[in-house]
>>> print(open('model_37.txt').read())   # compact mmCIF, C-alpha atoms and all ligand atoms
# COMPACT_ATOMS: atom_id res chain seq x y z
CA MET A 181 42.41 5.04 -29.06
CA SER A 182 45.05 7.61 -30.07
CA LEU A 183 47.63 8.80 -27.54
CA TYR A 184 46.13 12.29 -27.60
CA CYS A 185 42.67 10.98 -26.90
CA GLY A 186 44.03 8.80 -24.05
CA ILE A 187 45.64 11.82 -22.34
CA ALA A 188 42.61 14.01 -22.91
CA CYS A 189 40.23 11.39 -21.51
CA ARG A 190 42.41 10.80 -18.43
CA ARG A 191 42.65 14.53 -17.76
CA LYS A 192 38.92 14.91 -18.16
CA SER A 193 38.15 12.10 -15.72
CA PHE A 194 40.75 13.45 -13.20
CA TRP A 195 39.10 16.87 -13.18
CA SER A 196 35.60 15.57 -13.16
CA TYR A 197 36.21 13.14 -10.26
CA ARG A 198 37.20 16.07 -8.03
CA LEU A 199 33.93 17.80 -8.80
CA LEU A 200 31.54 14.89 -8.82
CA SER A 201 28.91 14.38 -6.14
CA THR A 202 28.81 11.20 -4.03
CA TYR A 203 25.83 10.03 -6.04
CA VAL A 204 27.62 10.50 -9.37
CA THR A 205 30.80 8.71 -8.23
CA LYS A 206 28.67 5.85 -6.87
CA SER A 207 26.74 5.56 -10.15
CA ARG A 208 29.99 5.57 -12.16
CA TYR A 209 31.54 2.97 -9.87
CA LEU A 210 28.55 0.66 -10.40
CA PHE A 211 28.74 1.29 -14.15
CA GLU A 212 32.43 0.29 -14.10
CA LEU A 213 31.63 -2.94 -12.22
CA LYS A 214 28.98 -3.82 -14.80
CA GLU A 215 31.37 -3.21 -17.71
CA ASP A 216 34.59 -4.68 -16.30
CA ASP A 217 34.61 -8.30 -15.05
CA ASP A 218 38.03 -7.94 -13.35
CA ALA A 219 36.93 -4.83 -11.43
CA CYS A 220 33.76 -6.64 -10.38
CA LYS A 221 35.66 -9.72 -9.20
CA LYS A 222 37.95 -7.44 -7.19
CA ALA A 223 34.91 -5.71 -5.66
CA GLN A 224 33.68 -9.10 -4.41
CA GLN A 225 36.78 -9.33 -2.17
CA THR A 226 35.58 -6.42 -0.04
CA GLY A 227 31.90 -6.70 -0.91
CA ALA A 228 28.86 -8.00 0.95
CA PHE A 229 26.54 -10.83 -0.13
CA TYR A 230 22.79 -11.21 0.43
CA LEU A 231 21.72 -14.86 0.33
CA PHE A 232 18.62 -16.41 -1.24
CA HIS A 233 17.28 -19.95 -1.49
CA SER A 234 15.01 -20.65 -4.48
CA LEU A 235 14.34 -16.88 -4.74
CA ALA A 236 13.45 -16.52 -1.03
CA PRO A 237 15.76 -14.06 0.80
CA LEU A 238 17.53 -14.95 4.04
CA LEU A 239 16.21 -12.92 6.99
CA GLN A 240 17.30 -12.87 10.60
CA LYS A 241 15.09 -11.79 13.44
CA SER A 242 16.57 -9.37 15.95
CA GLU A 243 14.59 -8.24 19.00
CA HIS A 244 11.71 -6.41 17.31
CA GLN A 245 12.29 -6.68 13.61
CA TYR A 246 13.64 -8.70 10.73
CA GLN A 247 16.76 -7.74 8.82
CA ALA A 248 18.57 -9.01 5.74
CA PRO A 249 22.06 -10.10 6.89
CA GLN A 250 25.17 -9.47 4.81
CA HIS A 251 28.00 -12.01 4.44
CA SER A 252 31.58 -11.34 3.39
CA LEU A 253 33.29 -13.32 0.62
CA LEU A 254 35.34 -15.17 3.24
CA GLU A 255 32.23 -16.17 5.21
CA LEU A 256 30.58 -17.33 2.00
CA GLU A 257 33.59 -19.42 0.98
CA ARG A 258 33.65 -21.06 4.44
CA LEU A 259 29.92 -21.77 4.21
CA LEU A 260 30.21 -23.36 0.77
CA ALA A 261 33.20 -25.45 1.91
CA LYS A 262 31.25 -26.65 4.95
CA PHE A 263 28.44 -27.88 2.65
CA GLY A 264 30.89 -29.53 0.25
CA GLN A 265 30.26 -26.93 -2.46
CA ASP A 266 32.60 -25.48 -5.03
CA THR A 267 33.47 -21.78 -4.53
CA GLN A 268 32.92 -21.50 -8.29
CA ARG A 269 29.26 -21.10 -7.35
CA ILE A 270 30.03 -17.52 -6.25
CA GLU A 271 30.21 -16.69 -9.97
CA ASP A 272 26.41 -17.00 -10.05
CA SER A 273 26.10 -13.91 -7.84
CA VAL A 274 24.68 -10.67 -9.22
CA LEU A 275 25.58 -7.08 -8.42
CA ILE A 276 22.65 -5.22 -6.81
CA GLY A 277 24.17 -1.94 -5.58
CA CYS A 278 26.87 -0.39 -3.42
CA SER A 279 27.27 1.83 -0.38
CA GLU A 280 28.43 5.45 -0.57
CA GLN A 281 31.89 4.14 0.45
CA HIS A 282 31.81 1.83 -2.61
CA GLU A 283 31.30 -1.43 -0.76
CA ALA A 284 29.68 -3.49 -3.52
CA TRP A 285 26.57 -5.55 -2.71
CA PHE A 286 25.83 -8.88 -4.38
CA ALA A 287 23.03 -11.45 -4.21
CA LEU A 288 23.52 -15.20 -4.53
CA ASP A 289 20.89 -17.96 -4.65
CA LEU A 290 21.99 -21.20 -3.00
CA GLY A 291 18.83 -23.09 -3.89
CA LEU A 292 18.59 -22.67 -7.65
CA ASN A 293 20.55 -25.05 -9.85
CA SER A 294 23.91 -23.47 -10.47
CA SER A 295 25.09 -22.75 -14.00
CA SER A 296 28.75 -22.38 -12.94
CA SER A 297 29.04 -25.29 -10.54
CA ILE A 298 28.03 -28.92 -11.08
CA ASN A 299 26.76 -29.38 -7.53
CA ALA A 300 23.01 -29.46 -6.91
CA SER A 301 21.11 -26.93 -4.82
CA LEU A 302 21.87 -26.71 -1.11
CA GLN A 303 19.38 -28.06 1.42
CA LYS A 304 17.28 -25.28 2.93
CA PRO A 305 16.82 -26.45 6.57
CA GLU A 306 20.53 -27.16 7.04
CA MET A 307 21.44 -23.78 5.57
CA GLU A 308 18.93 -22.00 7.81
CA THR A 309 20.36 -23.62 10.92
CA GLU A 310 23.90 -22.76 9.89
CA LEU A 311 22.99 -19.16 8.96
CA LYS A 312 20.78 -18.60 12.04
CA GLY A 313 17.94 -17.26 9.93
CA SER A 314 15.14 -18.28 7.62
CA PHE A 315 14.55 -18.02 3.88
CA MET A 316 11.25 -16.16 3.66
CA GLU A 317 8.97 -15.80 0.64
CA LEU A 318 9.61 -12.29 -0.75
CA ARG A 319 5.94 -11.16 -0.54
CA LYS A 320 6.06 -11.80 3.22
CA ALA A 321 9.62 -10.56 3.66
CA LEU A 322 8.85 -7.12 2.17
CA PHE A 323 6.42 -6.33 5.00
CA GLN A 324 9.05 -7.11 7.62
CA LEU A 325 11.86 -4.94 6.27
CA ASN A 326 12.81 -1.28 6.09
CA THR A 327 12.38 0.47 2.72
CA LYS A 328 16.05 0.23 1.74
CA ASP A 329 16.33 -3.53 2.33
CA ALA A 330 12.89 -4.15 0.75
CA SER A 331 13.95 -2.37 -2.43
CA LEU A 332 17.38 -4.06 -2.52
CA LEU A 333 15.90 -7.54 -2.10
CA SER A 334 13.22 -6.86 -4.76
CA THR A 335 15.94 -5.92 -7.24
CA ALA A 336 18.01 -8.93 -6.22
CA GLN A 337 15.15 -11.37 -6.64
CA ALA A 338 14.18 -9.90 -10.03
CA LEU A 339 17.76 -10.25 -11.30
CA LEU A 340 18.26 -13.77 -9.91
CA ARG A 341 14.93 -14.86 -11.43
CA TRP A 342 15.85 -13.37 -14.81
CA HIS A 343 19.21 -15.21 -14.90
CA ASP A 344 17.57 -18.46 -13.86
CA GLY A 345 15.12 -18.19 -16.76
CA HIS A 346 17.58 -17.04 -19.44
CA GLN A 347 20.31 -19.64 -19.38
CA PHE A 348 19.97 -20.50 -23.07
CA CYS A 349 20.12 -18.47 -26.26
CA SER A 350 16.69 -18.35 -27.94
CA ARG A 351 18.38 -18.31 -31.38
CA SER A 352 21.12 -20.99 -31.07
CA GLY A 353 19.83 -23.00 -28.09
CA GLN A 354 23.37 -22.85 -26.63
CA PRO A 355 24.00 -21.99 -22.94
CA THR A 356 24.48 -18.23 -22.46
CA LYS A 357 27.24 -16.83 -20.24
CA LYS A 358 26.58 -14.24 -17.56
CA ASN A 359 29.04 -11.36 -17.11
CA MET A 360 30.53 -11.04 -13.61
CA ALA A 361 28.04 -8.38 -12.44
CA GLY A 362 25.03 -10.13 -13.95
CA SER A 363 23.98 -7.08 -15.96
CA LYS A 364 23.83 -9.18 -19.16
CA ARG A 365 24.23 -12.66 -20.68
CA VAL A 366 25.99 -13.42 -23.95
CA CYS A 367 25.64 -16.36 -26.33
CA PRO A 368 29.24 -17.53 -27.03
CA SER A 369 28.32 -18.95 -30.46
CA ASN A 370 26.59 -15.93 -32.07
CA LYS A 371 27.49 -13.11 -29.60
CA ILE A 372 23.85 -12.11 -29.05
CA ILE A 373 23.62 -10.09 -25.82
CA TYR A 374 20.59 -10.51 -23.53
CA TYR A 375 19.81 -7.79 -20.96
CA PRO A 376 17.50 -8.19 -17.93
CA GLN A 377 14.02 -6.91 -18.75
CA MET A 378 11.02 -5.38 -17.00
CA ALA A 379 7.50 -5.33 -18.44
CA PRO A 380 5.94 -1.83 -18.39
CA VAL A 381 2.59 -1.76 -16.55
CA VAL A 382 0.27 1.25 -16.22
CA ILE A 383 -1.64 1.72 -13.00
CA THR A 384 -4.35 4.37 -13.06
CA LEU A 385 -6.51 5.94 -10.39
CA VAL A 386 -9.64 7.21 -12.13
CA SER A 387 -11.63 10.02 -10.55
CA ASP A 388 -14.92 11.73 -11.46
CA GLY A 389 -13.95 14.83 -9.49
CA THR A 390 -15.40 13.74 -6.14
CA ARG A 391 -15.10 9.93 -6.14
CA CYS A 392 -12.42 7.47 -7.25
CA LEU A 393 -12.74 4.17 -9.04
CA LEU A 394 -11.34 1.09 -7.31
CA ALA A 395 -11.51 -2.50 -8.50
CA ARG A 396 -10.62 -6.01 -7.47
CA GLN A 397 -9.57 -9.20 -9.26
CA SER A 398 -10.70 -12.57 -7.93
CA SER A 399 -7.03 -13.37 -7.18
CA PHE A 400 -6.73 -10.41 -4.72
CA PRO A 401 -6.89 -11.13 -0.99
CA LYS A 402 -10.47 -10.94 0.33
CA GLY A 403 -11.79 -7.37 0.60
CA MET A 404 -8.81 -5.66 -1.10
CA TYR A 405 -9.52 -3.04 -3.78
CA SER A 406 -6.89 -1.26 -5.87
CA ALA A 407 -6.40 1.12 -8.80
CA LEU A 408 -6.74 -0.30 -12.35
CA ALA A 409 -3.55 -1.91 -13.67
CA GLY A 410 -2.54 -3.49 -16.95
CA PHE A 411 0.46 -4.45 -19.08
CA CYS A 412 1.38 -2.08 -21.92
CA ASP A 413 0.95 -3.60 -25.38
CA ILE A 414 3.88 -3.50 -27.76
CA GLY A 415 3.98 -0.25 -29.74
CA GLU A 416 1.85 1.74 -27.28
CA SER A 417 2.67 5.05 -25.64
CA LEU A 418 2.00 5.43 -21.93
CA GLU A 419 -1.08 7.57 -22.69
CA GLU A 420 -2.47 4.99 -25.13
CA ALA A 421 -1.89 2.15 -22.65
CA VAL A 422 -3.76 4.01 -19.87
CA ARG A 423 -6.72 4.81 -22.13
CA ARG A 424 -6.96 1.27 -23.54
CA GLU A 425 -6.47 -0.58 -20.24
CA VAL A 426 -9.06 1.49 -18.37
CA ALA A 427 -11.52 1.17 -21.30
CA GLU A 428 -10.90 -2.59 -21.52
CA GLU A 429 -11.62 -3.05 -17.84
CA VAL A 430 -14.28 -0.42 -16.94
CA LEU A 431 -14.82 2.88 -18.83
CA GLU A 432 -13.28 5.72 -20.87
CA VAL A 433 -10.95 8.38 -19.45
CA GLU A 434 -9.98 11.70 -21.01
CA ARG A 435 -7.39 13.42 -18.87
CA LEU A 436 -4.35 11.98 -17.21
CA GLN A 437 -1.40 13.06 -15.14
CA TYR A 438 1.75 11.06 -14.44
CA SER A 439 2.41 10.55 -10.73
CA ALA A 440 5.35 8.20 -10.05
CA SER A 441 6.86 4.82 -10.93
CA GLN A 442 8.05 1.72 -9.08
CA HIS A 443 9.79 -1.55 -9.78
CA TRP A 444 7.44 -4.40 -8.82
CA PRO A 445 8.96 -7.89 -8.61
CA PHE A 446 5.66 -9.91 -8.66
CA PRO A 447 5.05 -12.22 -10.43
CA ASN A 448 7.87 -11.18 -12.79
CA SER A 449 9.65 -7.87 -13.01
CA SER A 450 7.36 -4.96 -13.92
CA LEU A 451 7.93 -1.24 -14.14
CA MET A 452 4.74 0.18 -12.62
CA ILE A 453 3.91 3.61 -14.09
CA ALA A 454 1.31 5.36 -11.99
CA CYS A 455 -1.13 8.00 -13.29
CA HIS A 456 -4.24 9.85 -12.23
CA ALA A 457 -7.02 10.10 -14.82
CA THR A 458 -10.44 11.73 -15.06
CA VAL A 459 -13.48 9.93 -16.39
CA LYS A 460 -14.96 11.23 -19.64
CA SER A 461 -17.51 13.90 -18.83
CA GLY A 462 -21.00 12.49 -18.09
CA GLN A 463 -19.82 8.88 -18.58
CA THR A 464 -19.40 7.60 -15.06
CA GLU A 465 -21.50 4.48 -15.51
CA ILE A 466 -19.50 1.37 -14.73
CA GLN A 467 -19.42 -1.56 -17.17
CA VAL A 468 -17.09 -4.10 -15.56
CA ASN A 469 -15.28 -6.51 -17.88
CA LEU A 470 -15.80 -9.68 -15.85
CA ARG A 471 -13.06 -11.52 -17.76
CA GLU A 472 -10.55 -9.14 -16.14
CA LEU A 473 -12.14 -8.00 -12.87
CA GLU A 474 -14.39 -9.38 -10.17
CA ALA A 475 -15.82 -5.97 -9.21
CA ALA A 476 -15.31 -2.22 -9.62
CA ASP A 477 -17.02 0.67 -7.87
CA TRP A 478 -16.90 4.40 -7.13
CA PHE A 479 -15.73 5.25 -3.60
CA SER A 480 -16.23 8.61 -1.90
CA HIS A 481 -13.35 10.71 -0.58
CA ASP A 482 -14.43 9.96 2.99
CA GLU A 483 -14.64 6.20 2.43
CA VAL A 484 -11.15 6.09 0.93
CA ALA A 485 -9.59 8.40 3.55
CA THR A 486 -11.08 6.22 6.32
CA ALA A 487 -9.81 3.03 4.65
CA LEU A 488 -6.31 4.51 4.39
CA ARG A 489 -6.32 5.36 8.11
CA ARG A 490 -7.36 1.88 9.24
CA ASN A 491 -5.44 -0.08 6.66
CA ASN A 492 -4.95 -3.31 8.56
CA PRO A 493 -5.81 -6.23 6.27
CA TYR A 494 -6.23 -8.75 9.07
CA THR A 495 -8.92 -6.90 11.04
CA GLN A 496 -10.67 -5.74 7.87
CA GLN A 497 -10.92 -9.19 6.35
CA GLN A 498 -12.81 -10.20 9.47
CA ASN A 499 -15.05 -7.08 9.55
CA GLY A 500 -15.90 -7.46 5.87
CA THR A 501 -14.88 -3.82 5.17
CA PHE A 502 -12.84 -3.00 2.10
CA TRP A 503 -9.13 -2.29 2.41
CA LEU A 504 -6.34 -0.92 0.23
CA PRO A 505 -2.92 -2.20 -0.91
CA PRO A 506 -0.08 -1.88 1.63
CA LYS A 507 2.14 1.21 1.89
CA LEU A 508 5.01 -0.17 -0.17
CA ALA A 509 2.77 -0.70 -3.25
CA ILE A 510 2.56 2.23 -5.63
CA ALA A 511 -1.24 1.76 -5.70
CA HIS A 512 -1.28 2.88 -2.06
CA GLN A 513 0.78 5.99 -2.83
CA LEU A 514 -1.47 6.86 -5.78
CA ILE A 515 -4.63 6.55 -3.65
CA LYS A 516 -3.04 8.56 -0.81
CA GLU A 517 -2.06 11.29 -3.26
CA TRP A 518 -5.67 11.53 -4.49
CA VAL A 519 -7.01 11.70 -0.92
CA GLU A 520 -4.61 14.55 -0.16
CA LYS A 521 -5.20 16.33 -3.48
CA PRO A 522 -8.42 15.11 -5.16
CA ASN A 523 -7.99 17.34 -8.25
CA CYS A 524 -4.58 16.02 -9.34
CA SER A 525 -5.71 14.79 -12.79
CA THR A 526 -6.35 18.05 -14.56
CA LEU A 527 -4.02 17.86 -17.59
CA PRO A 528 -5.46 16.92 -20.99
CA ALA A 529 -4.68 13.30 -22.06
N1 LIG A 601 2.61 -2.34 -7.07
C1 LIG A 601 1.31 -2.12 -7.12
O1 LIG A 601 0.78 -1.24 -6.45
C2 LIG A 601 0.42 -2.96 -8.04
C3 LIG A 601 -0.97 -2.79 -8.01
C4 LIG A 601 -1.76 -3.49 -8.91
C5 LIG A 601 -1.17 -4.40 -9.81
N2 LIG A 601 0.18 -4.57 -9.79
C6 LIG A 601 0.84 -5.48 -10.75
O2 LIG A 601 0.49 -5.08 -12.05
C7 LIG A 601 0.54 -6.20 -12.91
C8 LIG A 601 -0.49 -6.07 -14.02
O3 LIG A 601 -1.81 -5.96 -13.53
P1 LIG A 601 -2.98 -6.84 -14.14
O4 LIG A 601 -2.79 -8.27 -13.73
O5 LIG A 601 -4.26 -6.18 -13.79
O6 LIG A 601 -2.67 -6.75 -15.72
P2 LIG A 601 -3.67 -6.90 -16.97
O7 LIG A 601 -4.94 -6.17 -16.72
O8 LIG A 601 -2.89 -6.55 -18.20
O9 LIG A 601 -4.07 -8.43 -17.00
C9 LIG A 601 -3.13 -9.48 -16.91
C10 LIG A 601 -3.15 -10.31 -18.19
O10 LIG A 601 -2.49 -9.61 -19.21
C11 LIG A 601 -1.81 -10.51 -20.08
N3 LIG A 601 -0.43 -9.99 -20.28
C12 LIG A 601 -0.06 -9.15 -21.28
N4 LIG A 601 1.25 -8.85 -21.23
C13 LIG A 601 1.74 -9.52 -20.16
C14 LIG A 601 3.06 -9.60 -19.58
N5 LIG A 601 4.10 -8.94 -20.07
N6 LIG A 601 3.19 -10.35 -18.47
C15 LIG A 601 2.15 -11.02 -17.95
N7 LIG A 601 0.88 -10.98 -18.44
C16 LIG A 601 0.69 -10.23 -19.56
C17 LIG A 601 -1.95 -11.89 -19.46
O11 LIG A 601 -2.95 -12.55 -20.15
C18 LIG A 601 -2.40 -11.61 -18.04
O12 LIG A 601 -3.25 -12.62 -17.54
C19 LIG A 601 0.32 -7.44 -12.01
O13 LIG A 601 1.39 -8.32 -12.24
C20 LIG A 601 0.35 -6.91 -10.59
O14 LIG A 601 1.26 -7.64 -9.77
C21 LIG A 601 0.98 -3.86 -8.93
MG MG A 602 -5.75 -5.33 -14.95
>>> encode(input="model_37.txt", output="structure tokens", more="lines below")
Ligand SMILES: NC(=O)c1ccc[n+]([C@@H]2O[C@H](COP(=O)([O-])OP(=O)(O)OC[C@H]3O[C@@H](n4cnc5c(N)ncnc54)[C@H](O)[C@@H]3O)[C@@H](O)[C@H]2O)c1
Ligand SMILES: [Mg+2]
Amino acid sequence: MSLYCGIACRRKSFWSYRLLSTYVTKSRYLFELKEDDDACKKAQQTGAFYLFHSLAPLLQKSEHQYQAPQHSLLELERLLAKFGQDTQRIEDSVLIGCSEQHEAWFALDLGLNSSSSINASLQKPEMETELKGSFMELRKALFQLNTKDASLLSTAQALLRWHDGHQFCSRSGQPTKKNMAGSKRVCPSNKIIYYPQMAPVVITLVSDGTRCLLARQSSFPKGMYSALAGFCDIGESLEEAVRREVAEEVLEVERLQYSASQHWPFPNSSLMIACHATVKSGQTEIQVNLRELEAADWFSHDEVATALRRNNPYTQQQNGTFWLPPKLAIAHQLIKEWVEKPNCSTLPA
């Protein structure tokens, strides 16, 4: 970098920092931590750690609800020392966000085999007693937490899972090295960089104007119906993926409208892209592909609105009535949107 460029860049960042919003400064701080290992290590000194054991987050129960406790670096070092573990293990932690005051948040799994420390995984019951909490399966944990913690722990689990499964270079077979923040892994022998990935999935609520199409797979909990979902094939646009997936599973659609998206950690990381679509005119007959689905059917506006109001899986499984995915799933939001505005899919595909 030339001297002139150095001065110009510094001046530019000085002026911009004074004008930047809290959100922009936070985003740039996180970007810096991902790019600069020293800055990230420094951020750990004042940061907070969320703990996992074999991908299950630690939760503590207060009077009425569960919460995800945070631990400081000092507390974590004491904990590791107490269990005869090397503090080197902290290098396995991944950056998952920060507060508006730039307190960085990290996640660390104490159950998975460590790539930076030779010691084996820590015993779960002893850790739970020491930490006064329990490591809960993420699917269960998400229903116990507020939206912010649920989203943070989903990101954390997805990142921890990705690192656990990408410890070796697929070209050289050599161990890859994680950067401090965990935003990438590099193969030291050939310098190939691996970035955490999400698989794009389309989820579509099909309507015929008055009814909507809901389906279930045999793996769903008893009585639960959802919108049609499917992984995008390589080379496809979003529009092509929606048309193909819906045709593969039930019928043909001709109009679609994008609604929203969501990161979904199960079973691996997916980016759920939600759309409304309209069935091709006069072709509402259902031909279920039984290799993909157990059942699919049209449901009236009233039936769906009633199901949304009484969406308690436990009572409905017993009554034998159908029920819908829980609030935090984008399928629920998509169905709710249709109930509130049944004509949302009016754009041409
Ligand atoms: N958040 C929500 O509201 C919500 C609702 C419904 C489904 N989902 C998620 O959407 C995902 C996809 O739905 P689906 O199961 O109907 O998909 P799908 O109809 O594409 O069928 C799954 C099959 O696709 C194949 N496949 C192709 N690419 C794949 C990839 N990258 N990863 C895994 N399998 C791949 C596999 O053979 C798999 O068995 C599921 O993992 C489910 O968890 C989320
Ligand atoms: Mg599917």
>>> closest_atom_pairs(input="model_37.txt", of="segment 331-383 of chain A", to="segment 251-274 of chain A", cutoff="12 Å", atoms="all atoms listed in the file", output="tab-separated table")
residue	atom	partner	partner_atom	distance
A:Leu332	CA	A:Val274	CA	11.9
A:Leu333	CA	A:Val274	CA	11.7
A:Thr335	CA	A:Val274	CA	10.1
A:Ala336	CA	A:Val274	CA	7.5
A:Gln337	CA	A:Val274	CA	9.9
A:Ala338	CA	A:Val274	CA	10.6
A:Leu339	CA	A:Val274	CA	7.2
A:Leu340	CA	A:Val274	CA	7.2
A:Arg341	CA	A:Val274	CA	10.8
A:Trp342	CA	A:Val274	CA	10.8
A:His343	CA	A:Asp272	CA	8.9
A:Asp344	CA	A:Asp272	CA	9.7
A:Gln347	CA	A:Asp272	CA	11.5
A:Lys357	CA	A:Asp272	CA	10.2
A:Lys358	CA	A:Asp272	CA	8.0
A:Asn359	CA	A:Glu271	CA	9.0
A:Met360	CA	A:Glu271	CA	6.7
A:Ala361	CA	A:Val274	CA	5.2
A:Gly362	CA	A:Val274	CA	4.8
A:Ser363	CA	A:Val274	CA	7.7
A:Lys364	CA	A:Val274	CA	10.1
A:Arg365	CA	A:Val274	CA	11.6
A:Pro376	CA	A:Val274	CA	11.6
>>> closest_atom_pairs(input="model_37.txt", of="chain A", to="ligand LIG 601 (chain A)", cutoff="6 Å", atoms="only C-alpha atoms and all ligand atoms", output="Markdown table")
| residue | atom | partner | partner_atom | distance |
| --- | --- | --- | --- | --- |
| A:Ala379 | CA | A:LIG601 | N5 | 5.2 |
| A:Val381 | CA | A:LIG601 | C8 | 5.9 |
| A:Ala409 | CA | A:LIG601 | O5 | 4.3 |
| A:Gly410 | CA | A:LIG601 | O8 | 3.3 |
| A:Phe411 | CA | A:LIG601 | O8 | 4.1 |
| A:Trp444 | CA | A:LIG601 | N1 | 5.5 |
| A:Phe446 | CA | A:LIG601 | O14 | 5.1 |
| A:Pro447 | CA | A:LIG601 | O13 | 5.6 |
| A:Ala509 | CA | A:LIG601 | O1 | 3.8 |
| A:Ile510 | CA | A:LIG601 | O1 | 4.0 |
| A:Ala511 | CA | A:LIG601 | O1 | 3.7 |
>>> write_last_selection(input="model_37.txt", atoms="C-alpha atoms", output="mmCIF file, in the frame of the given file")
data_model
loop_
_atom_site.group_PDB
_atom_site.id
_atom_site.type_symbol
_atom_site.label_atom_id
_atom_site.label_comp_id
_atom_site.auth_asym_id
_atom_site.auth_seq_id
_atom_site.Cartn_x
_atom_site.Cartn_y
_atom_site.Cartn_z
ATOM 1 C CA ALA A 379 7.500 -5.330 -18.440
ATOM 2 C CA VAL A 381 2.590 -1.760 -16.550
ATOM 3 C CA ALA A 409 -3.550 -1.910 -13.670
ATOM 4 C CA GLY A 410 -2.540 -3.490 -16.950
ATOM 5 C CA PHE A 411 0.460 -4.450 -19.080
ATOM 6 C CA TRP A 444 7.440 -4.400 -8.820
ATOM 7 C CA PHE A 446 5.660 -9.910 -8.660
ATOM 8 C CA PRO A 447 5.050 -12.220 -10.430
ATOM 9 C CA ALA A 509 2.770 -0.700 -3.250
ATOM 10 C CA ILE A 510 2.560 2.230 -5.630
ATOM 11 C CA ALA A 511 -1.240 1.760 -5.700
#
>>> atom_distance(input="model_37.txt", atom1="atom CA of Leu290 of chain A", atom2="atom CA of Leu235 of chain A")
9.0 Å
>>> closest_residue(input="model_37.txt", among="A:Leu325, A:Ala395, A:Ala284, A:Leu275", to="ligand MG 602 (chain A)", atoms="all atoms listed in the file")
A:Ala395
>>> closest_residue(input="model_37.txt", among="A:Gln467, A:Thr384, A:Thr202, A:Gln247", to="Val426 of chain A", atoms="all atoms listed in the file")
A:Thr384
>>> closest_residue(input="model_37.txt", among="A:Ile383, A:Leu431, A:Met404, A:Ile466", to="ligand MG 602 (chain A)", atoms="only C-alpha atoms and all ligand atoms")
A:Ile383
>>> residues_near_point(input="model_37.txt", point="(-17.4, 8.2, -2.2)", cutoff="12 Å", atoms="only C-alpha atoms", output="list in words")
Ser387, Asp388, Gly389, Thr390, Arg391, Cys392, Leu393, Leu394, Asp477, Trp478, Phe479, Ser480, His481, Asp482, Glu483, Val484, Ala485, Thr486, Ala487, Val519 and Pro522 of chain A
>>> atom_distance(input="model_37.txt", atom1="atom CA of Asn469 of chain A", atom2="atom CA of Glu429 of chain A")
5.0 Å
>>> atom_distance(input="model_37.txt", atom1="atom CA of Tyr405 of chain A", atom2="atom CA of Ala476 of chain A")
8.3 Å
>>> closest_residue(input="model_37.txt", among="A:Glu317, A:Asp216, A:Glu428, A:Glu283", to="ligand MG 602 (chain A)", atoms="all atoms listed in the file")
A:Glu428
>>> decode(input="model_37.txt", residues="segment 424-432 of chain A", atoms="N, CA, C and O atoms", output="PDB file, in the first residue's frame")
ATOM      1  N   ARG A 424     -39.837 -27.296  -9.952  1.00  0.00           N
ATOM      2  CA  ARG A 424     -39.465 -28.719 -10.018  1.00  0.00           C
ATOM      3  C   ARG A 424     -39.858 -29.467  -8.750  1.00  0.00           C
ATOM      4  O   ARG A 424     -40.455 -30.535  -8.804  1.00  0.00           O
ATOM      5  N   GLU A 425     -39.533 -28.879  -7.575  1.00  0.00           N
ATOM      6  CA  GLU A 425     -39.802 -29.575  -6.316  1.00  0.00           C
ATOM      7  C   GLU A 425     -41.291 -29.855  -6.142  1.00  0.00           C
ATOM      8  O   GLU A 425     -41.691 -30.949  -5.763  1.00  0.00           O
ATOM      9  N   VAL A 426     -42.123 -28.810  -6.423  1.00  0.00           N
ATOM     10  CA  VAL A 426     -43.565 -28.978  -6.238  1.00  0.00           C
ATOM     11  C   VAL A 426     -44.092 -30.004  -7.242  1.00  0.00           C
ATOM     12  O   VAL A 426     -44.931 -30.845  -6.911  1.00  0.00           O
ATOM     13  N   ALA A 427     -43.580 -29.968  -8.477  1.00  0.00           N
ATOM     14  CA  ALA A 427     -44.011 -30.937  -9.503  1.00  0.00           C
ATOM     15  C   ALA A 427     -43.569 -32.349  -9.113  1.00  0.00           C
ATOM     16  O   ALA A 427     -44.331 -33.303  -9.247  1.00  0.00           O
ATOM     17  N   GLU A 428     -42.327 -32.467  -8.608  1.00  0.00           N
ATOM     18  CA  GLU A 428     -41.823 -33.782  -8.202  1.00  0.00           C
ATOM     19  C   GLU A 428     -42.705 -34.396  -7.118  1.00  0.00           C
ATOM     20  O   GLU A 428     -42.968 -35.579  -7.133  1.00  0.00           O
ATOM     21  N   GLU A 429     -43.166 -33.541  -6.205  1.00  0.00           N
ATOM     22  CA  GLU A 429     -43.869 -34.074  -5.037  1.00  0.00           C
ATOM     23  C   GLU A 429     -45.381 -34.164  -5.232  1.00  0.00           C
ATOM     24  O   GLU A 429     -46.014 -35.093  -4.769  1.00  0.00           O
ATOM     25  N   VAL A 430     -46.002 -33.146  -5.919  1.00  0.00           N
ATOM     26  CA  VAL A 430     -47.480 -33.168  -6.025  1.00  0.00           C
ATOM     27  C   VAL A 430     -48.035 -32.713  -7.380  1.00  0.00           C
ATOM     28  O   VAL A 430     -48.720 -33.469  -8.059  1.00  0.00           O
ATOM     29  N   LEU A 431     -47.801 -31.480  -7.801  1.00  0.00           N
ATOM     30  CA  LEU A 431     -48.441 -30.938  -9.008  1.00  0.00           C
ATOM     31  C   LEU A 431     -47.668 -29.754  -9.577  1.00  0.00           C
ATOM     32  O   LEU A 431     -46.602 -29.395  -9.065  1.00  0.00           O
ATOM     33  N   GLU A 432     -48.236 -29.112 -10.611  1.00  0.00           N
ATOM     34  CA  GLU A 432     -47.520 -28.012 -11.273  1.00  0.00           C
ATOM     35  C   GLU A 432     -48.028 -26.647 -10.797  1.00  0.00           C
ATOM     36  O   GLU A 432     -49.235 -26.447 -10.664  1.00  0.00           O
TER      37      GLU A 432
END
